[in-house]
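Only one structure is covered here, and it is reproduced in the block below.
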Amino acid sequence: MASVANPPLLRLVARGDREIVMTREFDAPRQLVFDAWTKPELVERWFGRLEGWTTKAEVDLRVGGTYRFTMQDAKGTKIVLRGEYREIERPSRFVTAEAFEGFSETGWRPEDATVTTTVFTERDGRTTWTATSR
C-alpha cells in the first residue's frame with residue numbers, strides 16, 4: 001500500500017472496458033516533460049529501458065507526422081511502437097494513434113491503433129502527465 005510520503009510512480013485506472021487512464025507526477029517543468037516524450041535523444045534515455053534493452057526513437061513532431069520507438073534486447077529481439085500525431089499543442093498536450101508492430105500478419109494497420117490523448121499540467125514547477133488511451 002502506498003502512503004502519501006511514498007506515492008506510486010504510475011497510477012492506472014480503467015474506465016469501462018475500452019479506456020485506460022495513466023497518471024504520473026514529475027518534479028520537472030511541463031516543457032521538459034513534454035520534450036522527454038517528443039525529442040528522440042530524450043526518449044532514448046528512458047523509454048523501454050529494461051536491463052539489457054536499448055531504444056531507438058524516430059520522431060516527426062507535427063500533425064500527421066509519425067514516431068517509431070524500437071526497443072531491442074541483447075539477443076536482437078525487437079518490439080516496435082509506432083504512431084501518428086493527430087493534434088499537438090506544445091507543451092500542454094498531444095493526441096496520437098499508435099500500435100505495436102508485428103501483432104498482425106498484414107503488418108501495422110490504422111484500424112489496430114489506440115488513440116491516446118496526453119496532457120501535461122504544471123503546478124508549482126511539478127508536472128502531472130496524464131495519458132488517456134481508448
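Residues in the C-alpha cells are numbered from 1 in each chain, the chains being A, B, ... in the order shown, and ligands are numbered from 1 in the order shown.
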Leaving out A:Gln31 and any residue of its chain fewer than 2 positions from it, which residues lie within 12 Å of it when counting only C-alpha atoms, given as a compact mmCIF listing (two decimals) with N, CA and C atoms, in the first residue's frame?
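And here is the file that came out, result-v5.txt:
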# COMPACT_ATOMS: atom_id res chain seq x y z
N PHE A 26 5.83 14.42 -12.09
CA PHE A 26 7.27 14.60 -12.24
C PHE A 26 7.70 15.90 -11.57
N ASP A 27 8.85 15.88 -10.94
CA ASP A 27 9.42 17.07 -10.33
C ASP A 27 10.23 17.80 -11.41
N ALA A 28 9.51 18.30 -12.40
CA ALA A 28 10.14 18.97 -13.54
C ALA A 28 9.10 19.87 -14.20
N PRO A 29 9.56 20.92 -14.89
CA PRO A 29 8.62 21.79 -15.59
C PRO A 29 7.96 21.08 -16.78
N VAL A 33 9.08 17.81 -19.50
CA VAL A 33 8.37 16.53 -19.57
C VAL A 33 7.81 16.32 -20.98
N PHE A 34 7.26 17.36 -21.58
CA PHE A 34 6.78 17.29 -22.97
C PHE A 34 7.94 16.87 -23.89
N ASP A 35 9.08 17.53 -23.72
CA ASP A 35 10.25 17.21 -24.55
C ASP A 35 10.71 15.77 -24.35
N ALA A 36 10.60 15.26 -23.13
CA ALA A 36 11.02 13.88 -22.85
C ALA A 36 10.19 12.88 -23.66
N TRP A 37 9.00 13.26 -24.05
CA TRP A 37 8.13 12.41 -24.86
C TRP A 37 8.28 12.65 -26.36
N THR A 38 8.89 13.77 -26.76
CA THR A 38 8.86 14.14 -28.18
C THR A 38 10.23 14.39 -28.81
N LYS A 39 11.29 14.40 -28.05
CA LYS A 39 12.63 14.57 -28.61
C LYS A 39 13.35 13.22 -28.58
N GLU A 89 -0.39 20.54 -29.18
CA GLU A 89 -0.46 21.87 -28.55
C GLU A 89 0.71 21.94 -27.58
N ARG A 90 1.86 22.35 -28.10
CA ARG A 90 3.09 22.39 -27.31
C ARG A 90 3.00 23.46 -26.25
N PRO A 91 3.34 23.22 -25.01
CA PRO A 91 3.76 21.98 -24.36
C PRO A 91 2.65 21.34 -23.52
N SER A 92 1.41 21.60 -23.87
CA SER A 92 0.33 21.16 -22.98
C SER A 92 -0.31 19.82 -23.33
N ARG A 93 -0.29 19.41 -24.63
CA ARG A 93 -0.94 18.14 -24.95
C ARG A 93 -0.62 17.69 -26.36
N VAL A 119 -1.82 14.74 -21.76
CA VAL A 119 -1.93 16.10 -21.24
C VAL A 119 -0.83 16.32 -20.20
N PHE A 120 -0.19 17.48 -20.25
CA PHE A 120 0.86 17.87 -19.32
C PHE A 120 0.37 19.10 -18.56
N THR A 121 0.20 18.97 -17.24
CA THR A 121 -0.30 20.06 -16.41
C THR A 121 0.76 20.43 -15.39
N GLU A 122 1.14 21.71 -15.36
CA GLU A 122 2.19 22.14 -14.43
C GLU A 122 1.59 22.94 -13.28
N GLY A 125 6.01 24.18 -10.48
CA GLY A 125 7.22 23.56 -11.00
C GLY A 125 7.16 22.05 -11.15
N ARG A 126 6.05 21.44 -10.80
CA ARG A 126 5.86 19.99 -10.94
C ARG A 126 4.86 19.75 -12.07
N THR A 127 5.04 18.67 -12.79
CA THR A 127 4.17 18.38 -13.93
C THR A 127 3.46 17.05 -13.73
N THR A 128 2.16 17.08 -13.97
CA THR A 128 1.37 15.85 -13.98
C THR A 128 1.16 15.45 -15.43
N TRP A 129 1.59 14.24 -15.75
CA TRP A 129 1.41 13.65 -17.07
C TRP A 129 0.19 12.74 -16.99
Taking the backbone alone, and naming residues the way the document does, which bits of chain A are alpha helix (DSSP H) by DSSP, as a PyMOL selection string?
chain A and resi 30-38+40-46
Selection file, N, CA and C atoms, as an mmCIF file, in the first residue's frame:
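Here's the written file again.cif:
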data_model
loop_
_atom_site.group_PDB
_atom_site.id
_atom_site.type_symbol
_atom_site.label_atom_id
_atom_site.label_comp_id
_atom_site.auth_asym_id
_atom_site.auth_seq_id
_atom_site.Cartn_x
_atom_site.Cartn_y
_atom_site.Cartn_z
ATOM 1 N N ARG A 30 6.801 21.555 -17.139
ATOM 2 C CA ARG A 30 5.993 20.951 -18.200
ATOM 3 C C ARG A 30 6.757 20.825 -19.519
ATOM 4 N N GLN A 31 7.472 21.867 -19.930
ATOM 5 C CA GLN A 31 8.196 21.819 -21.205
ATOM 6 C C GLN A 31 9.198 20.669 -21.226
ATOM 7 N N LEU A 32 9.889 20.442 -20.121
ATOM 8 C CA LEU A 32 10.873 19.362 -20.066
ATOM 9 C C LEU A 32 10.202 17.993 -20.172
ATOM 10 N N VAL A 33 9.081 17.813 -19.499
ATOM 11 C CA VAL A 33 8.367 16.529 -19.570
ATOM 12 C C VAL A 33 7.808 16.322 -20.981
ATOM 13 N N PHE A 34 7.257 17.363 -21.578
ATOM 14 C CA PHE A 34 6.783 17.286 -22.968
ATOM 15 C C PHE A 34 7.936 16.874 -23.888
ATOM 16 N N ASP A 35 9.082 17.526 -23.724
ATOM 17 C CA ASP A 35 10.251 17.210 -24.550
ATOM 18 C C ASP A 35 10.711 15.767 -24.353
ATOM 19 N N ALA A 36 10.604 15.259 -23.129
ATOM 20 C CA ALA A 36 11.016 13.876 -22.854
ATOM 21 C C ALA A 36 10.195 12.876 -23.657
ATOM 22 N N TRP A 37 9.001 13.260 -24.045
ATOM 23 C CA TRP A 37 8.127 12.409 -24.862
ATOM 24 C C TRP A 37 8.281 12.647 -26.357
ATOM 25 N N THR A 38 8.891 13.767 -26.760
ATOM 26 C CA THR A 38 8.860 14.142 -28.175
ATOM 27 C C THR A 38 10.225 14.387 -28.815
ATOM 28 N N PRO A 40 13.747 12.708 -29.751
ATOM 29 C CA PRO A 40 14.326 11.367 -29.810
ATOM 30 C C PRO A 40 15.468 11.128 -28.828
ATOM 31 N N GLU A 41 16.369 12.092 -28.696
ATOM 32 C CA GLU A 41 17.517 11.895 -27.811
ATOM 33 C C GLU A 41 17.102 11.764 -26.347
ATOM 34 N N LEU A 42 15.964 12.343 -25.975
ATOM 35 C CA LEU A 42 15.455 12.194 -24.608
ATOM 36 C C LEU A 42 14.639 10.914 -24.461
ATOM 37 N N VAL A 43 13.823 10.593 -25.452
ATOM 38 C CA VAL A 43 13.047 9.342 -25.416
ATOM 39 C C VAL A 43 13.988 8.155 -25.244
ATOM 40 N N GLU A 44 15.097 8.159 -25.963
ATOM 41 C CA GLU A 44 16.044 7.041 -25.923
ATOM 42 C C GLU A 44 16.685 6.860 -24.556
ATOM 43 N N ARG A 45 16.661 7.875 -23.724
ATOM 44 C CA ARG A 45 17.252 7.782 -22.384
ATOM 45 C C ARG A 45 16.356 7.073 -21.388
ATOM 46 N N TRP A 46 15.042 6.967 -21.677
ATOM 47 C CA TRP A 46 14.160 6.399 -20.655
ATOM 48 C C TRP A 46 13.135 5.394 -21.179
#
For A:Arg86, work out the shell of residues within 6 Å, counting only C-alpha atoms and skipping chain neighbours fewer than 2 positions away, then give it as a VMD selection string.
chain A and resid 63 to 64 95 to 96
Expected file: the selected residues, C-alpha atoms, as a PDB file, in the first residue's frame:
ATOM      1  CA  VAL A  63       0.268  16.966 -37.100  1.00  0.00           C
ATOM      2  CA  GLY A  64       0.318  13.999 -39.475  1.00  0.00           C
ATOM      3  CA  VAL A  95      -3.152  13.240 -29.410  1.00  0.00           C
ATOM      4  CA  THR A  96      -1.771  10.157 -31.137  1.00  0.00           C
TER       5      THR A  96
END
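Across the structure, atom CA of A:Arg24 and atom CA of A:Glu111 are spaced 28.2 Å apart.
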